[in-house]
Amino acid sequence: MGVLSQYIERAEKDGGAGIATVQVSLIRPVTEAVRPPRALWVPFPFGRPLGPPNRPDVQLDVLRQTLGLVDQPTAPALIDYPDNVNGDDIPSEEGWSCPVTFPTVEPNTQSEYLKAQLRTEAQLLRPWFDEGLRVRGRTTVGTSGKGADSIGEMLEILVTFSVDAGMKVPDGYNHPMPQLLRHLVADIRAFYSEAAISKPGVRFPSPTDLEEWFFLETVAGDVFYQVRERLLSADMIVLIANGLDDDEIDSRLVLMAGTTTHMADEVVRKPGISRKLLQDSAEEFRAGLVGRLSRSIVPIVMRDRRSERTKSAGAF
């Protein structure tokens, strides 16, 4: 954004729009290197550029001070936010925990059992989601084309895909498969997160708290890993078929060095991939987008941590 703002501020005769820009900075060294015209550096963690949760006074002040930078007479200008509010500066004994405890999940390969476990999770979280919606008056669930009432159906679509790469899309969604997966992932994570942060009386969880809870303690998180592996297998098969060597495949799919060498034989021998998914992956390869979907399912910091999940809950 800092580089883009420089172009926006250029005079029209130089190809710009001649419009003053401002931005919020979370990583000071990057902002210093990019040198945007005007930036306000804030001391808040990733995911909270406007300050701690439930502090509209701080959030509005950050917005006012950011917009106020437009009056800076010279550029580039990097101004420190003067307030030292830190939403995570809370005693450790006030640890965060999800408002509900999920039943222990026993290892099982039947998709119907998985779906039943996910229905239980969604049912336990729904009252907290509704409470959060009542308090905040808004939700980010809905990018797939359906709302919170369809979370159970969304989870079942993911299970079907994770088990046999099923590509059928029920009526009412805005996107075809497999592109729909990205939007389902966003809606499901929003539902779980908005429910989990709604427990009163404890500290607000950090983004890391929420990611570790979702991916390491919920059945839905485990299904996300399986969906990513299914997409990754399809992408890998397409790249192998197009003659790329293992190192190039690792690079294309943003994998740790040696991953393709380790996985390739098993992936080719037992792909479990539908013809339609392979066709779509091949189309993405031709468009230069291979790996785009698989990278969007599980955050990079959580990709190598599935072993923690399987140790505590069992592999499916």
# chains A, B, ... in the order shown; residues from 1 in each chain; ligands from 1

call {"tool": "residues_around", "arguments": {"residues": "A:Pro45", "least_positions_apart": "2", "cutoff": "10 Å", "atoms": "only C-alpha atoms", "output": "list in words"}}
result
Leu26, Ile27, Val42, Pro43, Gly47, Arg48, Pro49, Leu50, Gly51, Pro52, Asn86, Gly87, Asp88, Ser206 and Pro207 of chain A

call {"tool": "select_by_dssp", "arguments": {"residues": "stretch 139-242 of chain A", "states": "helix (DSSP H, G or I)", "output": "VMD selection string"}}
result
chain A and resid 148 to 164 180 to 196 207 to 217 219 to 241

call {"tool": "write_last_selection", "arguments": {"atoms": "C-alpha atoms", "output": "mmCIF file, in the first residue's frame"}}
result
data_model
loop_
_atom_site.group_PDB
_atom_site.id
_atom_site.type_symbol
_atom_site.label_atom_id
_atom_site.label_comp_id
_atom_site.auth_asym_id
_atom_site.auth_seq_id
_atom_site.Cartn_x
_atom_site.Cartn_y
_atom_site.Cartn_z
ATOM 1 C CA ALA A 148 -24.861 -18.502 9.938
ATOM 2 C CA ASP A 149 -27.998 -20.642 9.596
ATOM 3 C CA SER A 150 -26.156 -22.607 6.888
ATOM 4 C CA ILE A 151 -22.920 -23.260 8.789
ATOM 5 C CA GLY A 152 -23.857 -26.934 9.207
ATOM 6 C CA GLU A 153 -24.312 -27.279 5.450
ATOM 7 C CA MET A 154 -21.015 -25.476 4.787
ATOM 8 C CA LEU A 155 -19.190 -27.874 7.099
ATOM 9 C CA GLU A 156 -20.751 -30.860 5.331
ATOM 10 C CA ILE A 157 -19.554 -29.553 1.957
ATOM 11 C CA LEU A 158 -16.012 -29.416 3.347
ATOM 12 C CA VAL A 159 -16.265 -32.935 4.764
ATOM 13 C CA THR A 160 -17.508 -34.317 1.444
ATOM 14 C CA PHE A 161 -14.624 -32.629 -0.352
ATOM 15 C CA SER A 162 -12.044 -33.752 2.215
ATOM 16 C CA VAL A 163 -13.143 -37.400 1.946
ATOM 17 C CA ASP A 164 -13.524 -37.912 -1.805
ATOM 18 C CA LEU A 180 -16.259 -21.933 -3.267
ATOM 19 C CA LEU A 181 -13.937 -23.570 -0.730
ATOM 20 C CA ARG A 182 -12.125 -20.293 -0.067
ATOM 21 C CA HIS A 183 -15.405 -18.545 0.793
ATOM 22 C CA LEU A 184 -16.655 -21.445 2.915
ATOM 23 C CA VAL A 185 -13.378 -21.369 4.842
ATOM 24 C CA ALA A 186 -13.800 -17.632 5.485
ATOM 25 C CA ASP A 187 -17.404 -18.025 6.684
ATOM 26 C CA ILE A 188 -16.686 -21.009 8.928
ATOM 27 C CA ARG A 189 -13.674 -19.368 10.555
ATOM 28 C CA ALA A 190 -15.697 -16.190 11.074
ATOM 29 C CA PHE A 191 -18.512 -18.167 12.725
ATOM 30 C CA TYR A 192 -16.154 -20.039 15.061
ATOM 31 C CA SER A 193 -14.109 -16.942 15.919
ATOM 32 C CA GLU A 194 -17.085 -14.663 16.531
ATOM 33 C CA ALA A 195 -18.583 -17.298 18.836
ATOM 34 C CA ALA A 196 -15.309 -17.917 20.657
ATOM 35 C CA PRO A 207 -5.230 -13.661 16.728
ATOM 36 C CA THR A 208 -2.675 -16.364 17.641
ATOM 37 C CA ASP A 209 -4.935 -17.655 20.428
ATOM 38 C CA LEU A 210 -7.804 -18.017 17.959
ATOM 39 C CA GLU A 211 -5.727 -19.686 15.257
ATOM 40 C CA GLU A 212 -4.217 -22.230 17.637
ATOM 41 C CA TRP A 213 -7.595 -22.987 19.189
ATOM 42 C CA PHE A 214 -9.334 -23.421 15.832
ATOM 43 C CA PHE A 215 -6.688 -25.472 14.062
ATOM 44 C CA LEU A 216 -5.498 -27.563 17.021
ATOM 45 C CA GLU A 217 -8.623 -28.078 19.143
ATOM 46 C CA VAL A 219 -12.836 -30.930 14.396
ATOM 47 C CA ALA A 220 -13.419 -28.181 11.833
ATOM 48 C CA GLY A 221 -9.733 -27.251 12.019
ATOM 49 C CA ASP A 222 -8.738 -30.835 11.275
ATOM 50 C CA VAL A 223 -11.082 -30.900 8.274
ATOM 51 C CA PHE A 224 -9.404 -27.719 6.998
ATOM 52 C CA TYR A 225 -6.074 -29.558 7.002
ATOM 53 C CA GLN A 226 -7.628 -32.420 5.060
ATOM 54 C CA VAL A 227 -9.178 -30.054 2.503
ATOM 55 C CA ARG A 228 -5.794 -28.385 1.986
ATOM 56 C CA GLU A 229 -4.116 -31.764 1.491
ATOM 57 C CA ARG A 230 -6.720 -32.714 -1.105
ATOM 58 C CA LEU A 231 -6.131 -29.483 -3.034
ATOM 59 C CA LEU A 232 -2.381 -29.803 -2.630
ATOM 60 C CA SER A 233 -2.438 -33.366 -4.001
ATOM 61 C CA ALA A 234 -4.363 -32.264 -7.101
ATOM 62 C CA ASP A 235 -1.960 -29.373 -7.704
ATOM 63 C CA MET A 236 1.044 -31.657 -7.234
ATOM 64 C CA ILE A 237 -0.260 -34.235 -9.699
ATOM 65 C CA VAL A 238 -0.815 -31.527 -12.316
ATOM 66 C CA LEU A 239 2.696 -30.122 -11.836
ATOM 67 C CA ILE A 240 4.276 -33.574 -11.965
ATOM 68 C CA ALA A 241 2.328 -34.332 -15.160
#

call {"tool": "atom_distance", "arguments": {"atom1": "atom CA of A:Arg138", "atom2": "atom CA of A:Pro99"}}
result
19.6 Å

call {"tool": "closest_atom_pairs", "arguments": {"of": "stretch 103-173 of chain A", "to": "stretch 272-296 of chain A", "cutoff": "8 Å", "atoms": "only C-alpha atoms", "output": "Markdown table"}}
result
| residue | atom | partner | partner_atom | distance |
| --- | --- | --- | --- | --- |
| A:Asp164 | CA | A:Gly272 | CA | 6.2 |
| A:Ala165 | CA | A:Ser274 | CA | 5.7 |
| A:Gly166 | CA | A:Ser274 | CA | 7.2 |
| A:Met167 | CA | A:Leu277 | CA | 7.5 |

call {"tool": "residues_around", "arguments": {"residues": "A:Glu121", "least_positions_apart": "4", "cutoff": "10 Å", "atoms": "only C-alpha atoms", "output": "PyMOL selection string"}}
result
chain A and resi 100-103+115-117+125-126+152+192+218-220

call {"tool": "closest_residue", "arguments": {"among": "A:Leu133, A:Phe46, A:Pro53, A:Asp246", "to": "A:Asp265", "atoms": "only C-alpha atoms"}}
result
A:Asp246

call {"tool": "atom_distance", "arguments": {"atom1": "atom CA of A:Ala11", "atom2": "atom CA of A:Tyr81"}}
result
28.9 Å

call {"tool": "residues_around", "arguments": {"residues": "A:Leu4", "least_positions_apart": "6", "cutoff": "12 Å", "atoms": "only C-alpha atoms", "output": "list in words"}}
result
Arg10, Gly16, Ala17, Ile19, Ala20, Thr21, Val22, Gln23, Val34, Arg35, Pro36 and Pro37 of chain A

call {"tool": "write_last_selection", "arguments": {"atoms": "C-alpha atoms", "output": "compact mmCIF listing (two decimals), in the first residue's frame"}}
result
# COMPACT_ATOMS: atom_id res chain seq x y z
CA ARG A 10 1.87 11.88 -8.13
CA GLY A 16 -0.85 9.88 -10.78
CA ALA A 17 -4.12 11.13 -9.38
CA ILE A 19 -4.65 12.79 -4.23
CA ALA A 20 -3.14 12.95 -0.72
CA THR A 21 -2.95 9.57 1.05
CA VAL A 22 -2.57 8.32 4.62
CA GLN A 23 -2.10 4.86 6.11
CA VAL A 34 8.98 1.94 1.64
CA ARG A 35 8.65 5.62 2.68
CA PRO A 36 4.93 6.19 2.02
CA PRO A 37 3.83 9.84 1.90
